[in-house]
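Chemist: model-v8.cif is the file, holding mmCIF, C-alpha atoms:
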data_my_file
#
loop_
_atom_site.label_atom_id
_atom_site.label_comp_id
_atom_site.auth_asym_id
_atom_site.auth_seq_id
_atom_site.Cartn_x
_atom_site.Cartn_y
_atom_site.Cartn_z
CA MET A 215 9.39 -15.05 -1.02
CA HIS A 216 11.40 -11.91 -1.81
CA ILE A 217 9.44 -9.24 -3.69
CA ARG A 218 11.92 -9.32 -6.57
CA GLU A 219 11.07 -12.98 -7.13
CA ILE A 220 7.34 -12.29 -6.78
CA LEU A 221 7.56 -9.55 -9.40
CA ARG A 222 9.53 -11.80 -11.75
CA GLN A 223 7.10 -14.69 -11.44
CA SER A 224 3.85 -12.72 -11.56
CA LYS A 225 3.60 -9.83 -13.98
CA PRO A 226 1.34 -8.14 -13.40
CA THR A 227 1.03 -8.75 -9.67
CA PHE A 228 -2.32 -8.53 -7.91
CA SER A 229 -2.26 -7.63 -4.24
CA PHE A 230 -4.45 -6.34 -1.42
CA GLU A 231 -4.06 -4.04 1.56
CA PHE A 232 -5.63 -4.51 4.99
CA PHE A 233 -5.49 -2.58 8.24
CA PRO A 234 -5.29 -4.30 11.66
CA ALA A 235 -8.56 -4.79 13.52
CA ARG A 236 -8.82 -3.33 17.03
CA THR A 237 -11.38 -5.72 18.54
CA GLU A 238 -11.64 -9.51 18.64
CA ALA A 239 -14.90 -9.46 16.67
CA SER A 240 -13.57 -7.21 13.93
CA ALA A 241 -10.38 -9.28 13.81
CA GLU A 242 -12.43 -12.37 12.98
CA GLU A 243 -14.38 -10.43 10.33
CA LEU A 244 -11.10 -9.29 8.79
CA TYR A 245 -9.68 -12.80 8.83
CA GLN A 246 -12.81 -14.03 7.03
CA THR A 247 -12.27 -11.30 4.42
CA ILE A 248 -8.72 -12.55 3.91
CA ARG A 249 -10.03 -16.08 3.55
CA ASP A 250 -12.65 -14.87 1.05
CA LEU A 251 -9.92 -13.26 -1.05
CA GLU A 252 -7.40 -16.09 -0.80
CA PRO A 253 -8.95 -17.97 -3.79
CA LEU A 254 -7.97 -14.97 -5.93
CA HIS A 255 -4.35 -16.02 -5.36
CA PRO A 256 -2.94 -12.59 -4.51
CA SER A 257 0.77 -12.11 -5.11
CA PHE A 258 1.00 -10.63 -1.61
CA VAL A 259 -1.00 -8.66 0.96
CA SER A 260 0.20 -5.60 2.82
CA ILE A 261 -0.69 -4.64 6.39
CA THR A 262 -0.85 -1.00 7.45
CA TYR A 263 0.85 0.57 10.44
CA GLY A 264 -1.04 3.17 12.45
CA ALA A 265 0.02 6.79 12.74
CA GLY A 266 2.99 7.08 15.05
CA GLY A 267 3.22 3.28 15.24
CA GLY A 268 -0.16 3.17 16.97
CA THR A 269 -1.01 -0.32 15.69
CA ARG A 270 2.49 -1.77 15.94
CA GLU A 271 1.51 -4.86 17.93
CA LEU A 272 -1.78 -5.35 16.05
CA THR A 273 0.11 -5.16 12.76
CA HIS A 274 2.56 -7.80 13.95
CA GLN A 275 -0.26 -10.06 15.16
CA LEU A 276 -2.05 -9.90 11.81
CA VAL A 277 1.16 -10.47 9.86
CA THR A 278 1.89 -13.49 12.07
CA ARG A 279 -1.58 -14.96 11.53
CA ILE A 280 -1.40 -14.54 7.76
CA ARG A 281 2.10 -15.98 7.66
CA GLU A 282 1.18 -19.03 9.74
CA THR A 283 -2.30 -19.87 8.38
CA THR A 284 -2.32 -18.89 4.70
CA GLY A 285 -0.05 -19.24 1.71
CA ILE A 286 -0.08 -15.48 1.02
CA PRO A 287 3.17 -13.53 1.53
CA PRO A 288 2.47 -10.68 4.00
CA ILE A 289 4.21 -7.32 3.63
CA PRO A 290 3.99 -5.22 6.80
CA HIS A 291 4.20 -1.45 6.60
CA LEU A 292 6.85 0.24 8.72
CA THR A 293 7.08 3.98 9.37
CA CYS A 294 9.66 6.46 10.56
CA VAL A 295 7.47 8.42 12.96
CA GLY A 296 8.86 8.60 16.47
CA HIS A 297 11.02 5.48 16.14
CA THR A 298 14.59 5.03 17.26
CA LYS A 299 17.06 2.86 15.38
CA ASN A 300 16.97 0.37 18.23
CA GLU A 301 13.18 0.05 18.00
CA ILE A 302 13.25 -0.44 14.23
CA GLU A 303 16.01 -3.05 14.55
CA GLN A 304 13.93 -4.99 17.08
CA ILE A 305 10.90 -4.91 14.76
CA LEU A 306 13.01 -6.13 11.85
CA GLN A 307 14.47 -8.92 13.98
CA ARG A 308 10.95 -10.09 14.94
CA TYR A 309 9.83 -10.15 11.31
CA ALA A 310 13.02 -11.89 10.20
CA ALA A 311 12.54 -14.59 12.84
CA LEU A 312 8.95 -15.05 11.60
CA GLY A 313 10.19 -15.58 8.05
CA VAL A 314 8.72 -12.35 6.66
CA CYS A 315 10.70 -11.43 3.56
CA ASN A 316 9.45 -7.94 2.63
CA ILE A 317 8.74 -4.53 4.20
CA LEU A 318 6.97 -1.43 2.88
CA ALA A 319 9.06 1.48 4.20
CA LEU A 320 7.14 4.74 4.70
CA ARG A 321 7.72 8.10 6.32
CA GLY A 322 4.27 7.78 7.87
CA ASP A 323 1.91 10.25 9.47
CA PRO A 324 2.28 11.60 13.00
CA PRO A 325 -0.59 11.04 15.45
CA ARG A 326 -3.56 13.30 14.65
CA GLN A 327 -3.37 15.03 18.02
CA GLN A 328 0.19 16.16 17.24
CA LYS A 329 -0.42 18.71 14.47
CA GLU A 330 2.95 20.35 15.07
CA TYR A 331 4.88 17.11 15.15
CA ASP A 332 8.60 17.41 15.88
CA TRP A 333 10.39 15.08 13.45
CA SER A 334 13.54 15.26 15.57
CA GLN A 335 11.82 12.96 18.10
CA GLY A 336 12.96 9.91 16.15
CA ASP A 337 16.07 8.78 14.32
CA PHE A 338 14.37 8.78 10.90
CA ARG A 339 13.17 11.97 9.23
CA HIS A 340 12.59 10.64 5.72
CA ALA A 341 11.58 7.34 4.18
CA ALA A 342 14.99 7.20 2.49
CA ASP A 343 16.58 7.02 5.95
CA LEU A 344 14.41 4.01 6.81
CA VAL A 345 15.18 2.30 3.49
CA ARG A 346 18.89 2.78 4.14
CA PHE A 347 18.57 1.30 7.63
CA ILE A 348 16.71 -1.79 6.34
CA ARG A 349 19.32 -2.25 3.62
CA GLU A 350 22.08 -2.06 6.26
CA PHE A 351 20.16 -4.60 8.36
CA ASN A 352 20.13 -6.89 5.32
CA GLU A 353 23.83 -6.42 4.81
CA SER A 354 24.50 -7.31 8.46
CA GLY A 355 23.34 -10.85 7.76
CA GLN A 356 20.70 -10.92 10.51
CA HIS A 357 17.89 -12.17 8.24
CA PRO A 358 17.99 -15.97 7.97
CA LEU A 359 16.57 -15.85 4.43
CA GLY A 360 19.02 -13.27 3.13
CA GLY A 361 17.26 -9.99 3.78
CA PHE A 362 14.08 -8.01 3.27
CA GLY A 363 12.70 -6.82 -0.03
CA ILE A 364 11.87 -3.14 0.33
CA GLY A 365 8.90 -1.25 -1.05
CA VAL A 366 8.32 2.51 -1.00
CA ALA A 367 5.36 4.77 -1.73
CA GLY A 368 4.78 6.83 -4.87
CA PHE A 369 2.27 9.62 -5.45
CA PRO A 370 0.85 9.91 -8.99
CA GLU A 371 -1.20 12.96 -7.98
CA GLY A 372 1.73 14.52 -6.14
CA HIS A 373 2.91 14.25 -2.55
CA PRO A 374 0.71 16.43 -0.29
CA ASP A 375 3.73 17.85 1.54
CA THR A 376 5.81 18.52 -1.60
CA PRO A 377 4.00 20.79 -4.07
CA ASN A 378 7.22 21.13 -6.08
CA ARG A 379 6.91 18.12 -8.41
CA LEU A 380 10.60 18.25 -9.37
CA GLN A 381 11.63 18.08 -5.72
CA GLU A 382 9.10 15.31 -5.16
CA MET A 383 10.81 13.20 -7.80
CA ASP A 384 14.18 13.88 -6.17
CA HIS A 385 12.82 12.46 -2.91
CA LEU A 386 11.50 9.38 -4.69
CA LYS A 387 14.82 8.87 -6.46
CA ALA A 388 16.60 9.11 -3.10
CA LYS A 389 14.45 6.28 -1.70
CA CYS A 390 15.13 4.13 -4.71
CA ASP A 391 18.86 4.83 -4.66
CA GLU A 392 19.01 3.71 -1.01
CA GLY A 393 17.81 0.26 -1.99
CA ALA A 394 14.08 0.13 -2.74
CA ASP A 395 12.94 -2.82 -4.87
CA TYR A 396 9.53 -1.54 -5.94
CA ILE A 397 7.10 1.37 -5.67
CA CYS A 398 3.46 1.07 -4.60
CA THR A 399 1.43 4.15 -5.43
CA GLN A 400 -1.14 6.03 -3.44
CA LEU A 401 -4.67 5.63 -4.74
CA PHE A 402 -5.68 7.65 -7.81
CA PHE A 403 -8.74 7.85 -10.06
CA ASP A 404 -7.33 9.25 -13.30
CA ASN A 405 -5.01 6.87 -15.14
CA HIS A 406 -3.36 9.79 -16.91
CA ASP A 407 -1.84 10.70 -13.54
CA PHE A 408 -0.35 7.21 -13.21
CA PHE A 409 1.05 6.97 -16.73
CA ASP A 410 2.54 10.47 -16.43
CA PHE A 411 4.08 9.51 -13.08
CA ARG A 412 5.55 6.35 -14.60
CA ASP A 413 7.07 8.35 -17.47
CA ARG A 414 8.56 10.91 -15.08
CA CYS A 415 10.07 8.08 -13.03
CA ALA A 416 11.77 6.73 -16.15
CA LEU A 417 13.12 10.18 -17.01
CA ALA A 418 14.50 10.50 -13.48
CA GLY A 419 16.27 7.15 -13.72
CA VAL A 420 13.83 5.34 -11.45
CA ASN A 421 13.62 1.94 -13.10
CA ILE A 422 12.13 -0.35 -10.46
CA PRO A 423 8.59 -1.84 -10.83
CA ILE A 424 5.67 0.49 -10.09
CA ILE A 425 2.48 -1.05 -8.70
CA ALA A 426 -0.71 0.98 -9.10
CA GLY A 427 -2.89 1.58 -6.03
CA ILE A 428 -6.63 1.16 -6.68
CA MET A 429 -9.51 1.91 -4.30
CA PRO A 430 -13.04 1.51 -5.68
CA VAL A 431 -15.64 3.92 -4.36
CA THR A 432 -18.18 1.77 -2.52
CA SER A 433 -20.09 4.50 -0.69
CA LEU A 434 -20.27 8.28 -0.61
CA SER A 435 -19.01 8.28 2.97
CA SER A 436 -15.99 6.17 2.02
CA MET A 437 -15.29 8.57 -0.86
CA LYS A 438 -15.09 11.47 1.57
CA ARG A 439 -12.87 9.42 3.86
CA MET A 440 -10.59 8.56 0.93
CA ALA A 441 -10.17 12.25 0.14
CA GLU A 442 -9.02 12.83 3.71
CA LEU A 443 -6.72 9.81 3.89
CA ALA A 444 -5.19 10.48 0.49
CA ALA A 445 -4.73 14.17 1.28
CA GLY A 446 -7.08 15.42 -1.41
CA ALA A 447 -7.53 12.65 -3.97
CA ARG A 448 -8.76 14.06 -7.28
CA TYR A 449 -12.11 12.72 -8.44
CA PRO A 450 -12.57 13.06 -12.23
CA ALA A 451 -15.80 14.66 -13.42
CA LYS A 452 -16.70 11.42 -15.23
CA LEU A 453 -16.77 9.54 -11.93
CA LEU A 454 -18.59 12.33 -10.09
CA ARG A 455 -21.30 12.50 -12.78
CA ALA A 456 -21.91 8.77 -12.53
CA LEU A 457 -22.07 8.94 -8.73
CA SER A 458 -24.47 11.89 -8.88
CA ARG A 459 -26.85 9.84 -11.04
CA ALA A 460 -26.84 7.16 -8.32
CA GLN A 461 -27.72 9.82 -5.73
CA ASP A 462 -28.78 8.22 -2.43
CA ASP A 463 -29.07 4.66 -3.74
CA ALA A 464 -26.28 2.89 -1.84
CA GLN A 465 -26.27 -0.17 -4.09
CA ALA A 466 -26.12 1.98 -7.21
CA VAL A 467 -23.21 3.97 -5.77
CA GLU A 468 -21.30 0.75 -5.11
CA LYS A 469 -21.98 -0.54 -8.62
CA VAL A 470 -20.77 2.74 -10.14
CA GLY A 471 -17.59 2.66 -8.07
CA ILE A 472 -16.82 -0.97 -8.92
CA HIS A 473 -17.53 -0.43 -12.62
CA TYR A 474 -15.28 2.65 -12.73
CA ALA A 475 -12.44 0.85 -10.91
CA ALA A 476 -12.76 -2.15 -13.23
CA GLN A 477 -12.43 0.10 -16.28
CA GLN A 478 -9.45 1.77 -14.64
CA CYS A 479 -7.79 -1.61 -14.03
CA SER A 480 -8.46 -2.78 -17.58
CA GLU A 481 -6.79 0.32 -19.03
CA LEU A 482 -3.83 -0.02 -16.68
CA LEU A 483 -3.37 -3.67 -17.65
CA ASP A 484 -3.50 -2.72 -21.34
CA GLY A 485 -0.85 -0.10 -20.58
CA GLY A 486 1.56 -2.69 -19.18
CA VAL A 487 1.26 -1.91 -15.47
CA ASP A 488 3.62 -3.92 -13.26
CA GLY A 489 0.88 -4.67 -10.74
CA LEU A 490 -2.45 -3.66 -9.22
CA HIS A 491 -2.75 -3.13 -5.47
CA PHE A 492 -6.30 -2.97 -4.09
CA TYR A 493 -7.02 -0.87 -1.01
CA THR A 494 -9.79 -3.11 0.30
CA LEU A 495 -10.92 -1.23 3.44
CA ASN A 496 -11.05 -4.76 4.91
CA LYS A 497 -13.92 -5.80 2.61
CA SER A 498 -13.89 -8.43 -0.12
CA ASN A 499 -16.93 -7.85 -2.34
CA ALA A 500 -15.66 -4.99 -4.51
CA THR A 501 -12.30 -6.65 -5.19
CA LYS A 502 -13.95 -9.96 -6.13
CA GLU A 503 -16.35 -8.21 -8.53
CA ILE A 504 -13.50 -6.31 -10.19
CA TYR A 505 -11.59 -9.58 -10.67
CA GLN A 506 -14.63 -11.17 -12.29
CA SER A 507 -15.21 -8.19 -14.59
CA LEU A 508 -11.59 -8.50 -15.76
CA GLY A 509 -12.20 -12.13 -16.71
CA MET A 510 -9.90 -13.47 -14.00
CA SER A 511 -10.67 -16.87 -12.53
CA VAL A 512 -11.63 -17.33 -8.92
CA THR A 513 -11.00 -20.81 -7.50
CA ALA A 514 -12.31 -22.33 -4.31
#
Could I get this file's structure written as structure tokens?

Modeler:
Amino acid sequence: MHIREILRQSKPTFSFEFFPARTEASAEELYQTIRDLEPLHPSFVSITYGAGGGTRELTHQLVTRIRETTGIPPIPHLTCVGHTKNEIEQILQRYAALGVCNILALRGDPPRQQKEYDWSQGDFRHAADLVRFIREFNESGQHPLGGFGIGVAGFPEGHPDTPNRLQEMDHLKAKCDEGADYICTQLFFDNHDFFDFRDRCALAGVNIPIIAGIMPVTSLSSMKRMAELAAGARYPAKLLRALSRAQDDAQAVEKVGIHYAAQQCSELLDGGVDGLHFYTLNKSNATKEIYQSLGMSVTA
């Protein structure tokens, strides 16, 4: 189902993100997580794509398994890093043949060992270039179902590589003008950042749906990892105070993180958010507890 139809039928949308497993055992654990979350009836699930395309085949395998064994629409991530137009076209052709209807188009991160990455190595320097290419693929008529829906990333706290917030919005507008259908945001912990971002999008003429990215803190180690992955996520003092009271009690830390995320989701829903996207870290417990705290039904 095309993302435009999903967004029309389900407002707000509820969706999850997973990353491909690298071993057979962890792949089965991940698949069980997906099965555990399927009764929540997610609008879609997205599948990440490793730095520099490092998990390209694993991403495709997971997307294929979800597509063939569940009723959940999968949305694979696709990045610019190091790819030629020919490579991207082949990936799109594979997904089209599988019946995948949506793509999340990202600039992506270069491999960690390449700190001075040369963006001229590939044919795509910016996410807008990738969005344009996917749109042109759609227009070529190669997709048997009419073409891919296209998602792009948004950064409520600001893009780490673009400290100029006016220029950042120009880049986002460029992605949208090339044919994006929706925006999925990076994780954030202060809803003021999201609502301000949404207002600035409207002022810039960006009028496509904006889905809020949520990642509950489930451990102090995961919090530190989030800060690295999100390039310096801001943790409000309110959250830090609550976590400090939990100290070294792992269960208390998880409860604090889930409670905070549930409050965040409730406020976003009251504010008319177009959707909530949960960064699951391939676990199901936190997401299920947040659903229950919001009064949402879970069916077997």

Chemist: Any idea what's packed within 10 Å of region 379-387 of chain A, counting all atoms listed in the file, ignoring anything in its chain fewer than 2 positions away? Could you give it as a list in words?

Modeler: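 Surrounding residues, per the criterion: His340, Ala341, Ala342, Val366, Ala367, Gly368, Phe369, Glu371, Gly372, His373, Pro374, Asp375, Thr376, Pro377, Lys389, Cys390, Asp391, Glu392, Ala394, Ile397, Phe411, Arg414, Cys415, Leu417, Ala418, Gly419, Val420 and Asn421 of chain A.
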
Chemist: Nearest to Leu292 (chain A) among A:Pro423, A:Gly365, A:Gly485, A:Pro358, with distances taken over only C-alpha atoms: which residue is it?

Modeler: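 Selected residue with least distance to Leu292 (chain A): A:Gly365.
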
Chemist: Applied to the shown file, which residues does the PyMOL selection byres ((chain A and resi 228) around 8) return, written as a PyMOL selection string?

Modeler: chain A and resi 226-227+229-230+256-258+489-492

Chemist: Tell me which residues the PyMOL selection byres ((chain A and resi 468) around 10) grabs here, as number ranges by chain.

Modeler: A: 430-434, 457, 460, 463-467, 469-474, 500

Chemist: Quick one: pull the distance between CA of Tyr505 (chain A) and CA of Pro234 (chain A), Å, one decimal.

Modeler: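 Answer for the CA of Tyr505 (chain A) to CA of Pro234 (chain A) separation: 23.8 Å.
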
Chemist: Axis-aligned box over every listed atom of region 408-413 of chain A, padded by 5 Å per side: centre and edges in Å to one decimal, as JSON?

Modeler:
{"center_x": 3.4, "center_y": 8.4, "center_z": -15.3, "size_x": 17.4, "size_y": 14.1, "size_z": 14.4}

Chemist: Report as a compact mmCIF listing (two decimals) with C-alpha atoms, in the coordinates of the input all protein, DNA and RNA residues lying within 10 Å of Asp343 (chain A), evaluated on only C-alpha atoms, omitting residues in the same chain fewer than 2 positions from it.

Modeler:
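Contents of out.txt, as written:
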# COMPACT_ATOMS: atom_id res chain seq x y z
CA CYS A 294 9.66 6.46 10.56
CA ALA A 319 9.06 1.48 4.20
CA LEU A 320 7.14 4.74 4.70
CA ARG A 321 7.72 8.10 6.32
CA ASP A 337 16.07 8.78 14.32
CA PHE A 338 14.37 8.78 10.90
CA ARG A 339 13.17 11.97 9.23
CA HIS A 340 12.59 10.64 5.72
CA ALA A 341 11.58 7.34 4.18
CA VAL A 345 15.18 2.30 3.49
CA ARG A 346 18.89 2.78 4.14
CA PHE A 347 18.57 1.30 7.63
CA ILE A 348 16.71 -1.79 6.34
CA ARG A 349 19.32 -2.25 3.62
CA ALA A 388 16.60 9.11 -3.10
CA LYS A 389 14.45 6.28 -1.70
CA GLU A 392 19.01 3.71 -1.01

Chemist: For the structure shown, which residues end up in the PyMOL selection byres ((chain A and resi 236-242) around 12)? Put them as a PyMOL selection string, please?

Modeler: chain A and resi 232-235+243-249+264+268-273+275-276+279+496-497

Chemist: Counting only C-alpha atoms, which of A:Ile302, A:Leu344, A:Ala441, A:Val295 gets nearest to Pro324 (chain A)?

Modeler: A:Val295

Chemist: Which one of A:Ile286, A:Ile364, A:Ile504, A:Leu312 sits closest to Met429 (chain A) if you count all atoms listed in the file?

Modeler: A:Ile504

Chemist: What separation in Å, quoted to one decimal, exists between CA of Ser354 (chain A) and CA of Leu318 (chain A)?

Modeler: 19.3 Å

Chemist: Between A:Gly336, A:Pro253, A:Pro288, A:Gly313, which is the closest to Glu231 (chain A) once you count only C-alpha atoms?

Modeler: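 The shortest atom-to-atom distance to Glu231 (chain A) comes from A:Pro288.
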
Chemist: Mind pulling up the distance from CA of Phe351 (chain A) to CA of Lys225 (chain A)?

Modeler: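 CA of Phe351 (chain A) lies at a distance of 28.3 Å from CA of Lys225 (chain A).
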